[in-house]
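As provided, final.txt (compact mmCIF, C-alpha atoms) reads as follows.
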```txt
# COMPACT_ATOMS: atom_id res chain seq x y z
CA MET A 58 -1.15 -7.21 -33.04
CA HIS A 59 1.63 -8.43 -30.88
CA ALA A 60 4.08 -6.27 -32.87
CA ARG A 61 1.86 -3.16 -32.48
CA ALA A 62 1.50 -3.85 -28.75
CA ALA A 63 5.23 -4.28 -28.39
CA GLY A 64 5.83 -1.07 -30.33
CA SER A 65 3.41 0.92 -28.20
CA SER A 66 5.03 -0.46 -25.04
CA ARG A 67 8.47 0.60 -26.23
CA GLY A 68 7.07 4.02 -27.12
CA ALA A 69 5.57 4.44 -23.67
CA ALA A 70 8.80 3.34 -22.04
CA LEU A 71 10.75 5.78 -24.20
CA ALA A 72 8.40 8.59 -23.21
CA VAL A 73 8.84 7.78 -19.51
CA PHE A 74 12.60 7.59 -19.98
CA THR A 75 12.60 10.96 -21.77
CA VAL A 76 10.63 12.61 -18.95
CA LYS A 77 12.97 11.15 -16.31
CA LYS A 78 16.03 12.23 -18.30
CA ALA A 79 14.70 15.77 -18.62
CA GLU A 80 14.02 15.91 -14.88
CA GLN A 81 17.50 14.57 -14.15
CA THR A 82 19.02 17.21 -16.45
CA ARG A 83 17.07 19.99 -14.68
CA ARG A 84 18.25 18.75 -11.29
CA GLU A 85 21.87 18.59 -12.48
CA HIS A 86 21.59 22.11 -13.93
CA ARG A 87 20.19 23.32 -10.62
CA ARG A 88 23.09 21.72 -8.70
CA ILE A 89 25.61 23.44 -10.98
CA GLN A 90 23.90 26.80 -10.37
CA VAL A 91 23.96 26.21 -6.60
CA ARG A 92 27.66 25.32 -6.59
CA LYS A 93 28.48 28.35 -8.75
CA ALA A 94 26.53 30.68 -6.48
CA ALA A 95 28.18 29.16 -3.41
CA ARG A 96 31.62 29.81 -4.84
CA GLU A 97 30.82 33.41 -5.75
CA ASN A 98 29.18 34.23 -2.42
CA PRO A 99 29.67 31.54 0.28
CA THR A 100 27.11 33.08 2.64
CA CYS A 101 24.40 34.29 0.28
CA GLY A 102 20.73 33.31 0.53
CA HIS A 103 19.81 29.85 1.76
CA LEU A 104 23.01 28.25 0.46
CA ARG A 105 25.16 28.92 3.54
CA ARG A 106 22.79 29.65 6.37
CA LYS A 107 24.05 26.68 8.38
CA SER A 108 25.39 27.42 11.82
CA LEU A 109 28.96 26.66 12.81
CA PRO A 110 28.91 22.89 13.34
CA SER A 111 31.82 22.70 15.73
CA LEU A 112 30.83 25.59 17.99
CA PRO A 113 28.35 25.50 20.87
CA GLY A 114 25.30 27.77 20.82
CA SER A 115 26.85 30.31 23.21
CA ALA A 116 29.89 30.65 20.95
CA ARG A 117 27.73 31.11 17.84
CA ARG A 118 25.78 33.90 19.51
CA LYS A 119 29.08 35.74 20.09
CA MET A 120 29.97 35.71 16.38
CA LYS A 121 29.26 38.41 13.80
CA LEU A 122 28.85 37.80 10.10
CA LEU A 123 31.66 38.98 7.86
CA THR A 124 30.12 42.38 7.13
CA GLU A 125 32.03 45.61 6.63
CA GLU A 126 30.88 46.84 10.06
CA ALA A 127 31.93 43.60 11.76
CA VAL A 128 35.38 43.73 10.16
CA GLU A 129 35.90 47.36 11.21
CA HIS A 130 34.82 46.54 14.76
CA TYR A 131 37.18 43.55 14.85
CA LEU A 132 40.07 45.66 13.61
CA GLN A 133 39.50 48.33 16.24
CA CYS A 134 38.69 46.12 19.23
CA LYS A 135 40.95 43.12 18.60
CA VAL A 136 43.60 43.61 15.92
CA ASN A 137 44.76 47.10 16.88
CA LEU A 138 44.60 46.24 20.59
CA ARG A 139 46.74 43.17 19.95
CA HIS A 140 49.26 45.29 18.02
CA ARG A 141 49.67 47.73 20.92
CA ALA A 142 49.99 44.97 23.51
CA VAL A 143 52.55 42.99 21.49
CA SER A 144 54.55 46.15 20.73
CA ALA A 145 54.87 46.84 24.45
CA VAL A 146 56.03 43.27 25.11
CA VAL A 147 58.50 43.45 22.20
CA ALA A 148 60.06 46.60 23.68
CA GLU A 149 60.51 44.89 27.06
CA VAL A 150 61.97 41.73 25.58
CA LEU A 151 64.39 43.60 23.32
CA LYS A 152 65.63 45.70 26.23
CA THR A 153 66.49 42.54 28.17
CA ILE A 154 68.04 40.77 25.15
CA GLN A 155 70.08 43.87 24.32
CA ARG A 156 71.62 43.85 27.81
CA LEU A 157 72.37 40.16 27.48
CA THR A 158 73.95 40.34 24.01
CA ALA A 159 75.97 43.47 24.84
CA GLU A 160 77.63 41.51 27.65
CA ILE A 161 78.19 38.52 25.34
CA SER A 162 79.79 40.76 22.69
CA LYS A 163 82.28 42.02 25.28
CA LYS A 164 83.38 38.45 25.97
CA ASP A 165 83.39 37.25 22.35
CA SER A 166 83.48 39.77 19.50
CA ARG A 167 82.12 37.22 17.00
CA PHE A 168 78.64 37.74 18.48
CA GLN A 169 77.22 41.22 17.93
CA ALA A 170 74.84 42.93 20.36
CA VAL A 171 71.22 43.24 19.21
CA SER A 172 70.19 46.80 18.39
CA ILE A 173 66.95 48.24 19.78
CA SER A 174 66.93 51.43 17.69
CA GLY A 175 64.46 52.11 14.90
CA VAL A 176 60.78 51.33 14.41
CA HIS A 177 61.34 47.99 12.65
CA HIS A 178 63.30 45.49 14.72
CA GLU A 179 64.80 43.37 11.95
CA ASN A 180 66.41 40.94 14.41
CA LEU A 181 63.09 39.96 16.01
CA LYS A 182 60.20 37.86 14.70
CA VAL A 183 56.89 37.59 16.57
CA LEU A 184 55.81 34.02 15.85
CA ALA A 185 52.99 34.23 18.41
CA PRO A 186 52.23 36.74 21.23
CA SER A 187 54.34 34.71 23.69
CA GLN A 188 56.76 33.11 21.21
CA PHE A 189 59.56 35.20 19.67
CA LEU A 190 62.65 34.52 17.60
CA VAL A 191 65.69 36.81 17.81
CA THR A 192 68.68 36.52 15.49
CA ILE A 193 72.13 37.31 16.89
CA PRO A 194 74.38 38.75 14.14
CA LEU A 195 77.71 36.99 13.67
CA VAL A 196 80.54 39.29 12.57
CA GLY A 197 84.00 38.79 11.12
CA LEU A 198 82.85 36.92 7.98
CA THR A 199 82.60 38.93 4.74
CA GLY A 200 82.81 38.34 0.99
CA TYR A 201 80.62 35.22 0.78
CA LYS A 202 80.62 33.04 -2.35
CA GLU A 203 78.74 29.82 -3.05
CA ARG A 204 80.55 26.49 -3.38
CA GLN A 205 79.82 24.21 -6.33
CA VAL A 206 82.19 21.35 -5.44
CA ARG A 207 80.57 18.54 -3.46
CA ARG A 208 82.57 16.70 -0.81
CA TRP A 209 81.66 14.17 1.90
CA ARG A 210 81.97 14.84 5.62
CA TYR A 211 83.16 11.99 7.89
CA TYR A 212 83.17 13.60 11.32
CA THR A 213 80.97 13.72 14.41
CA LEU A 214 80.11 16.93 16.22
CA HIS A 215 82.91 16.05 18.68
CA GLY A 216 85.42 15.77 15.85
CA ALA A 217 85.72 11.97 15.79
CA LYS A 218 85.95 10.08 12.49
CA LEU A 219 82.94 8.32 10.95
CA LEU A 220 82.96 5.30 8.63
CA SER A 221 80.02 6.62 6.60
CA PRO A 222 79.45 10.23 5.58
CA VAL A 223 77.10 12.67 7.26
CA ARG A 224 73.83 13.11 5.35
CA ASP A 225 73.64 15.87 2.77
CA PRO A 226 71.66 19.04 3.50
CA GLU A 227 68.09 19.21 2.22
CA GLY A 228 65.56 21.95 1.59
CA PRO A 229 66.77 25.29 2.95
CA GLN A 230 69.95 23.77 4.48
CA GLN A 231 73.55 23.96 3.32
CA TRP A 232 77.13 23.33 4.39
CA LEU A 233 79.32 26.34 5.18
CA GLU A 234 83.11 26.46 4.87
CA VAL A 235 85.16 29.28 6.32
CA GLU A 236 86.97 29.49 2.96
CA GLN A 237 83.72 30.60 1.34
CA PHE A 238 84.41 34.04 2.85
CA SER A 239 87.14 36.20 1.37
CA LYS A 240 87.75 37.74 4.80
CA SER A 241 87.37 36.02 8.16
CA LEU A 242 88.55 36.71 11.69
CA PRO A 243 91.12 34.21 13.06
CA GLN A 244 88.58 33.18 15.75
CA TRP A 245 86.42 31.50 13.08
CA HIS A 246 89.23 29.04 12.41
CA GLU A 247 89.34 27.86 16.03
CA GLU A 248 88.10 24.45 17.13
CA ASP A 249 85.23 25.79 19.22
CA VAL A 250 83.32 26.50 15.97
CA ASN A 251 85.33 24.82 13.18
CA ILE A 252 85.81 21.18 12.12
CA GLU A 253 87.99 20.41 9.08
CA GLY A 254 87.34 23.86 7.64
CA ASP A 255 83.57 23.72 8.17
CA LEU A 256 81.74 26.20 10.38
CA VAL A 257 79.55 23.80 12.36
CA PRO A 258 76.23 25.21 13.68
CA ALA A 259 76.12 22.88 16.69
CA ARG A 260 79.53 24.12 17.85
CA VAL A 261 78.55 27.75 17.28
CA LEU A 262 75.40 27.14 19.36
CA ALA A 263 77.35 25.38 22.13
CA THR A 264 79.77 28.30 22.34
CA PHE A 265 76.91 30.78 22.31
CA ARG A 266 74.94 28.89 24.98
CA ASP A 267 77.94 28.97 27.32
CA LEU A 268 78.24 32.73 26.77
CA VAL A 269 74.50 33.20 27.51
CA GLU A 270 74.77 31.32 30.81
CA LYS A 271 77.75 33.41 31.92
CA ALA A 272 76.12 36.70 30.80
CA ILE A 273 72.94 35.98 32.79
CA ARG A 274 75.03 35.70 35.94
CA SER A 275 77.36 38.62 35.27
CA CYS A 276 74.49 40.99 34.32
CA SER A 277 72.27 39.90 37.25
CA LEU A 278 69.49 38.93 34.85
CA ALA A 279 68.43 35.74 36.65
CA ASP A 280 65.17 37.34 37.81
CA LYS A 281 64.27 38.41 34.26
CA LEU A 282 65.70 35.68 32.08
CA SER A 283 66.38 31.94 32.30
CA ILE A 284 67.53 29.25 29.86
CA VAL A 285 65.00 26.65 28.74
CA GLU A 286 66.41 23.16 29.10
CA GLY A 287 65.43 20.80 26.31
CA LEU A 288 66.50 18.44 23.57
CA GLY A 289 68.56 19.66 20.65
CA SER A 290 71.15 22.39 20.34
CA ALA A 291 68.77 25.37 20.03
CA VAL A 292 69.21 28.14 22.61
CA ARG A 293 65.87 29.17 24.11
CA VAL A 294 65.27 31.51 27.03
CA THR A 295 62.19 32.69 28.88
CA VAL A 296 61.87 36.42 29.48
CA GLU A 297 59.64 37.83 32.22
CA THR A 298 57.67 40.88 31.14
CA SER A 299 55.19 43.01 33.07
CA ASP A 300 52.30 41.17 31.34
CA PHE A 301 53.37 37.55 30.84
CA GLN A 302 56.29 35.23 30.19
CA VAL A 303 57.69 35.03 26.65
CA GLU A 304 59.80 32.23 25.19
CA VAL A 305 62.53 33.49 22.90
CA GLU A 306 64.72 31.41 20.61
CA LEU A 307 68.15 33.01 20.13
CA VAL A 308 69.61 32.14 16.73
CA PRO A 309 73.16 33.12 15.70
CA ALA A 310 72.94 34.33 12.08
CA ILE A 311 75.33 35.35 9.31
CA GLU A 312 73.99 38.10 7.08
CA ILE A 313 74.72 37.58 3.35
CA PRO A 314 73.60 40.84 1.72
CA THR A 315 75.74 40.45 -1.38
CA CYS A 316 74.02 37.61 -3.26
CA TRP A 317 70.89 35.48 -3.70
CA PRO A 318 71.15 31.69 -3.12
CA GLN A 319 71.02 29.41 -6.15
CA LYS A 320 68.62 27.07 -4.33
CA SER A 321 65.95 29.74 -4.54
CA LYS A 322 64.43 29.56 -8.02
CA TRP A 323 62.58 32.82 -7.51
CA PRO A 324 60.84 34.55 -9.12
CA ARG A 325 59.04 31.80 -11.01
CA CYS A 326 58.45 32.12 -14.76
CA LEU A 327 55.37 33.93 -16.07
CA LYS A 328 54.40 35.38 -12.68
CA SER A 329 53.38 39.03 -12.53
CA TRP A 330 53.53 39.41 -8.71
CA PRO A 331 55.63 41.00 -7.46
CA CYS A 332 56.58 43.33 -10.29
CA ARG A 333 60.07 43.21 -11.80
CA GLU A 334 61.25 46.31 -9.92
CA LYS A 335 60.07 44.87 -6.60
CA VAL A 336 61.83 41.57 -7.35
CA GLN A 337 65.12 43.37 -7.91
CA CYS A 338 64.64 45.30 -4.67
CA VAL A 339 63.84 42.14 -2.69
CA LYS A 340 66.82 40.19 -4.03
CA SER A 341 69.17 43.10 -3.31
CA PHE A 342 68.72 42.41 0.42
CA GLY A 343 70.24 38.94 0.08
CA PHE A 344 69.61 36.26 2.69
CA ASP A 345 70.84 34.97 6.05
CA LEU A 346 72.37 31.71 7.27
CA TRP A 347 71.04 30.57 10.65
CA ALA A 348 72.81 28.27 13.10
CA SER A 349 69.70 26.30 14.07
CA SER A 350 70.65 22.65 13.55
CA ASN A 351 73.65 20.37 14.06
CA TYR A 352 75.65 20.17 10.82
CA HIS A 353 73.81 22.38 8.34
CA TRP A 354 73.10 26.09 8.18
CA GLN A 355 69.56 27.14 7.35
CA GLN A 356 68.82 29.72 4.69
CA SER A 357 66.50 32.50 5.84
CA PHE A 358 64.90 35.36 3.90
CA SER A 359 63.74 37.60 6.74
CA ARG A 360 64.72 40.89 5.11
CA ALA A 361 63.21 39.87 1.77
CA GLU A 362 59.96 38.91 3.52
CA HIS A 363 59.89 42.26 5.31
CA VAL A 364 60.32 44.16 2.03
CA LEU A 365 57.44 42.23 0.44
CA MET A 366 55.19 42.88 3.43
CA GLN A 367 55.98 46.59 3.44
CA GLY A 368 54.92 47.11 -0.16
CA LEU A 369 51.87 44.85 -0.20
CA ASP A 370 49.17 47.43 -0.84
CA GLU A 371 50.86 50.00 -3.04
CA ASP A 372 47.86 49.60 -5.36
CA GLY A 373 45.39 50.41 -2.57
CA GLY A 374 44.37 46.78 -1.95
CA CYS A 375 43.45 45.04 1.30
CA ARG A 376 46.15 42.33 1.46
CA ARG A 377 47.68 43.57 4.71
CA THR A 378 44.28 43.93 6.37
CA CYS A 379 43.43 40.37 5.32
CA PHE A 380 46.69 39.15 6.85
CA ARG A 381 46.14 40.98 10.14
CA VAL A 382 42.60 39.64 10.54
CA MET A 383 43.76 36.13 9.62
CA ARG A 384 46.55 36.29 12.19
CA GLN A 385 44.15 37.49 14.88
CA MET A 386 41.62 34.77 14.08
CA LYS A 387 44.41 32.21 14.19
CA GLU A 388 45.43 33.37 17.67
CA ASP A 389 41.85 33.75 18.98
CA VAL A 390 39.97 30.84 17.43
CA TRP A 391 41.77 28.47 15.10
CA CYS A 392 45.16 27.88 16.71
CA ALA A 393 45.52 29.48 20.13
CA GLY A 394 48.12 28.64 22.77
CA SER A 395 51.69 29.56 23.69
CA LYS A 396 53.26 27.11 21.19
CA PRO A 397 50.83 26.88 18.26
CA VAL A 398 51.38 24.50 15.36
CA LEU A 399 50.90 27.47 13.02
CA THR A 400 52.82 30.70 13.52
CA ALA A 401 52.71 34.12 11.87
CA PHE A 402 55.50 32.91 9.58
CA HIS A 403 53.25 30.17 8.13
CA LEU A 404 50.46 32.70 7.56
CA GLN A 405 52.92 35.00 5.80
CA MET A 406 53.85 32.22 3.37
CA VAL A 407 50.16 31.56 2.65
CA LEU A 408 49.68 35.28 1.96
CA PHE A 409 52.62 35.43 -0.48
CA TRP A 410 51.40 32.41 -2.43
CA THR A 411 47.90 33.88 -2.64
CA CYS A 412 49.24 37.26 -3.79
CA GLU A 413 51.21 35.51 -6.53
CA LYS A 414 48.14 33.55 -7.69
CA TYR A 415 45.91 36.64 -7.60
CA PRO A 416 48.26 39.47 -8.65
CA HIS A 417 45.77 42.09 -9.86
CA SER A 418 44.37 45.04 -7.94
CA LYS A 419 40.80 43.94 -8.65
CA ASP A 420 41.46 40.72 -6.73
CA TRP A 421 42.07 42.69 -3.52
CA CYS A 422 39.55 45.51 -3.67
CA CYS A 423 36.78 43.60 -1.80
CA PHE A 424 37.85 42.47 1.67
CA ARG A 425 35.24 39.74 2.02
CA LYS A 426 36.12 37.92 -1.20
CA ALA A 427 39.86 38.37 -0.73
CA PHE A 428 39.78 37.18 2.88
CA LEU A 429 37.74 34.07 2.15
CA ARG A 430 40.05 33.24 -0.74
CA LEU A 431 43.03 33.54 1.62
CA ILE A 432 41.45 31.28 4.25
CA GLN A 433 40.58 28.71 1.59
CA LYS A 434 44.28 28.57 0.69
CA LEU A 435 45.22 28.23 4.36
CA HIS A 436 42.65 25.45 4.83
CA LYS A 437 43.98 23.57 1.82
CA CYS A 438 47.57 23.73 3.07
CA VAL A 439 46.68 22.70 6.63
CA SER A 440 44.35 19.86 5.62
CA GLN A 441 46.97 18.49 3.21
CA HIS A 442 49.81 19.00 5.74
CA PHE A 443 51.75 20.74 2.99
CA LEU A 444 52.87 24.37 2.79
CA LYS A 445 55.66 25.37 0.43
CA HIS A 446 58.23 27.97 1.42
CA TYR A 447 57.66 30.96 -0.85
CA PHE A 448 61.34 31.37 -1.77
CA LEU A 449 62.20 27.64 -1.65
CA LYS A 450 59.22 25.90 -3.20
CA ASP A 451 60.61 22.37 -2.65
CA THR A 452 60.53 22.86 1.12
CA ASN A 453 57.43 21.74 3.07
CA LEU A 454 57.13 23.95 6.15
CA LEU A 455 54.62 21.55 7.77
CA LYS A 456 56.74 18.43 7.28
CA TYR A 457 57.48 17.97 10.98
CA ALA A 458 54.31 19.54 12.42
CA SER A 459 51.90 17.47 14.53
CA THR A 460 49.33 15.91 12.19
CA ASN A 461 46.73 15.79 14.98
CA ASP A 462 47.15 19.50 15.66
CA LEU A 463 46.96 20.30 11.96
CA ASP A 464 43.78 18.25 11.57
CA THR A 465 42.20 20.09 14.50
CA VAL A 466 43.01 23.45 12.92
CA ALA A 467 41.74 22.22 9.54
CA GLY A 468 38.39 21.34 11.14
CA LYS A 469 38.06 24.82 12.63
CA LEU A 470 38.94 26.44 9.32
CA ALA A 471 36.33 24.30 7.55
CA ALA A 472 33.72 25.39 10.10
CA PHE A 473 34.61 29.03 9.49
CA LEU A 474 34.37 28.65 5.71
CA GLU A 475 30.97 26.98 6.16
CA SER A 476 29.65 30.03 7.96
CA PRO A 477 32.15 32.94 7.98
CA ALA A 478 31.86 35.11 11.10
CA LEU A 479 34.10 37.10 13.43
CA PRO A 480 34.07 37.01 17.25
CA GLN A 481 32.23 39.97 18.80
CA ASN A 482 34.28 40.17 21.99
```
File written out as structure tokens:
Amino acid sequence: MHARAAGSSRGAALAVFTVKKAEQTRREHRRIQVRKAARENPTCGHLRRKSLPSLPGSARRKMKLLTEEAVEHYLQCKVNLRHRAVSAVVAEVLKTIQRLTAEISKKDSRFQAVSISGVHHENLKVLAPSQFLVTIPLVGLTGYKERQVRRWRYYTLHGAKLLSPVRDPEGPQQWLEVEQFSKSLPQWHEEDVNIEGDLVPARVLATFRDLVEKAIRSCSLADKLSIVEGLGSAVRVTVETSDFQVEVELVPAIEIPTCWPQKSKWPRCLKSWPCREKVQCVKSFGFDLWASSNYHWQQSFSRAEHVLMQGLDEDGGCRRTCFRVMRQMKEDVWCAGSKPVLTAFHLQMVLFWTCEKYPHSKDWCCFRKAFLRLIQKLHKCVSQHFLKHYFLKDTNLLKYASTNDLDTVAGKLAAFLESPALPQN
């Protein structure tokens, strides 16, 4: 009897266990369905009806869901308005910078005046509405070739000897010797820019800064333009426009249109975006070397980036629209201010990486899905404090950014992804 009782007890326990296991399996299946539905449509049904957790009630009432009508309204009332306003400011700034650089070029022919002709101003980057970057072309250096031989440098920026060598360049940086150019003006061999055969960015910047100060006085630009005093060798000026003050970094740059740098392992293997023809076109524009640090020149791909942006939607997709809305949201909601931790350049890198991961036309035919996918990539980069340069994948563009500022932006992006909506006003 005891055996039968024990057997019936085990049977009952097994039955209870089986019922509980079945219920647990149903709950797990339901959770998988919920997560799948949330990924496919982050705002559908009851899954994402939560309000924005970090926004007050008044702010939530001023938001519109990410509908087609809301996006069109945002494009017309915010994005296009921003484009017109920034274009007007760009025209004013370039006019002032052109006067300044024309005067500088008269004093020193190594620095070329900035051109203001054409629709696309290739020398100017709008990092934020009140933060610009303008490259100043350096002339008299042609026929560039890369150096393979490594040698140590034992000098200070003043030309004194060091006991230990200067650190090697990293990421997008490199040394630059005047002998790397088959033709060079005699002025590039002078001590104001050259140490032991190296063209030294800090010396180029010091020479350029002195020319800027003199040109401001000689052109009577003191009421429109002033130099920003600060740490480092960068040359920054503030320009007064009819709307607001703009800070502009002036960067002397050498254009290298004849080759593509070996540091850039692009395009990557087995990637179908951009297409092979576009890759050849992009690489044909070469790269630039910017004088923006002390010892090392920085590689820049401004022209290549412009070519990629121009041909984004040849298949009729919405990549460019996604970028413009993302940039506007960044400036309005996620990362406002005159010196934001994220600039349009960072957003451009996020866009390129996303285009490479999702190369097909079908991935960009629905704005809502494409836009949310793009913001998810941005959120991942910001929350991890890691954003690779598209042409130099070993370079982290957020390496020196404020972690507190990045975390604040990451929180706002998370709130948006929880309940995607656009500002009404």
Q) With all atoms listed in the file as the basis for distance, which of A:Lys164, A:Lys202, A:Arg260, A:His215 is at the shortest distance from Ser275 in chain A? A)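 Of A:Lys164, A:Lys202, A:Arg260, A:His215, the one nearest Ser275 in chain A, counting all atoms listed in the file, is A:Lys164.
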Can you write out as JSON lines which residues of range 378-465 of chain A fall within 12 Å of range 167-186 of chain A, alongside each residue's closest atom pair and its distance in Å to one decimal, counting only C-alpha atoms and ordering rows by chain and ascending residue number?
```
{"residue": "A:Arg384", "atom": "CA", "partner": "A:Ala185", "partner_atom": "CA", "distance": 9.2}
{"residue": "A:Gln385", "atom": "CA", "partner": "A:Ala185", "partner_atom": "CA", "distance": 10.1}
{"residue": "A:Lys387", "atom": "CA", "partner": "A:Ala185", "partner_atom": "CA", "distance": 9.8}
{"residue": "A:Glu388", "atom": "CA", "partner": "A:Ala185", "partner_atom": "CA", "distance": 7.6}
{"residue": "A:Asp389", "atom": "CA", "partner": "A:Pro186", "partner_atom": "CA", "distance": 11.0}
{"residue": "A:Cys392", "atom": "CA", "partner": "A:Ala185", "partner_atom": "CA", "distance": 10.2}
{"residue": "A:Ala393", "atom": "CA", "partner": "A:Ala185", "partner_atom": "CA", "distance": 9.0}
{"residue": "A:Gly394", "atom": "CA", "partner": "A:Ala185", "partner_atom": "CA", "distance": 8.6}
{"residue": "A:Ser395", "atom": "CA", "partner": "A:Ala185", "partner_atom": "CA", "distance": 7.2}
{"residue": "A:Lys396", "atom": "CA", "partner": "A:Ala185", "partner_atom": "CA", "distance": 7.6}
{"residue": "A:Pro397", "atom": "CA", "partner": "A:Ala185", "partner_atom": "CA", "distance": 7.7}
{"residue": "A:Val398", "atom": "CA", "partner": "A:Ala185", "partner_atom": "CA", "distance": 10.3}
{"residue": "A:Leu399", "atom": "CA", "partner": "A:Leu184", "partner_atom": "CA", "distance": 8.7}
{"residue": "A:Thr400", "atom": "CA", "partner": "A:Leu184", "partner_atom": "CA", "distance": 5.0}
{"residue": "A:Ala401", "atom": "CA", "partner": "A:Leu184", "partner_atom": "CA", "distance": 5.0}
{"residue": "A:Phe402", "atom": "CA", "partner": "A:Leu184", "partner_atom": "CA", "distance": 6.4}
{"residue": "A:His403", "atom": "CA", "partner": "A:Leu184", "partner_atom": "CA", "distance": 9.0}
{"residue": "A:Leu404", "atom": "CA", "partner": "A:Leu184", "partner_atom": "CA", "distance": 10.0}
{"residue": "A:Gln405", "atom": "CA", "partner": "A:Leu184", "partner_atom": "CA", "distance": 10.5}
```
Q | Which residue of A:Gln441, A:Thr153, A:Ser418, A:Gln230 approaches Gly374 in chain A most closely, using all atoms listed in the file | A | A:Ser418
Q) Any idea what the distance is between CA of Val339 in chain A and CA of Pro416 in chain A? A)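 CA of Pro416 in chain A lies 16.9 Å from CA of Val339 in chain A.
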Q. Between CA of Lys322 in chain A and CA of Arg376 in chain A, what is the distance, to one decimal in Å?
A.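 Taking CA of Lys322 in chain A and CA of Arg376 in chain A, their separation equals 24.2 Å.
Minimum atom-to-atom distance to Phe428 in chain A, evaluated using all atoms listed in the file, belongs to A:Val128 out of A:Val294, A:Leu214, A:Leu365, A:Val128.
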Q) Between A:Gln433, A:Gln319, A:Thr411, A:Ser166, which one has atoms that come closest to Leu369 in chain A, using all atoms listed in the file? A)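 Nearest to Leu369 in chain A: A:Thr411.
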(Q) List the spatial neighbours of Arg224 in chain A as a ChimeraX atom specification - criterion: any atom at most 12 Å away, all atoms listed in the file, same-chain residues fewer than 6 positions off excluded. (A) /A:208-213,230-232,351-353
Which residues of range 236-275 of chain A come within 8 Å of range 287-291 of chain A, and for each one, what is the closest pair of atoms and their distance in Å to one decimal, counting only C-alpha atoms, sorted by chain and residue number, as a Markdown table?
```
| residue | atom | partner | partner_atom | distance |
| --- | --- | --- | --- | --- |
| A:Ala259 | CA | A:Ser290 | CA | 6.2 |
| A:Leu262 | CA | A:Ser290 | CA | 6.4 |
| A:Ala263 | CA | A:Ser290 | CA | 7.1 |
```
Q: Within 12 Å of Gln337 in chain A, counting all atoms listed in the file, which residues show up once you throw out same-chain ones fewer than 3 positions away? Write them as JSON, numbers by chain, please.
A: {"A": [316, 317, 323, 324, 331, 332, 333, 334, 340, 341, 342, 343, 361, 364, 365]}
Q) Which of these residues is nearest to Arg325 in chain A, using all atoms listed in the file: A:Ile284, A:Val235, A:Val382, A:Leu449? A) A:Leu449
Q) Pick from A:Cys379, A:Leu220, A:Leu444, A:Ala159: nearest to Met406 in chain A, with all atoms listed in the file counted? A) A:Leu444
Q: Could you check how far CA of Leu157 in chain A sits from CA of Val305 in chain A, in Å to one decimal?
A: 12.7 Å
Q.
So that I can see what lies close to Ala279 in chain A, please list as a count of residues only the residues with an atom at most 10 Å from it, counting all atoms listed in the file and leaving out residues fewer than 5 positions away in the same chain.
A. 6
Q: Tell me, as a PyMOL selection string, which residues lie within 12 Å of Ser321 in chain A, counting all atoms listed in the file; anything in the same chain fewer than 6 positions away does not count.
A: chain A and resi 228-230+340+343-344+356-358+446-452
Q.
Set the distance at 12 Å and use only C-alpha atoms: which residues neighbour Leu431 in chain A once local chain neighbours fewer than 2 positions away are removed? I'd like the list as a PyMOL selection string.
A. chain A and resi 375-384+404-415+420-421+424-429+433-438+470+474
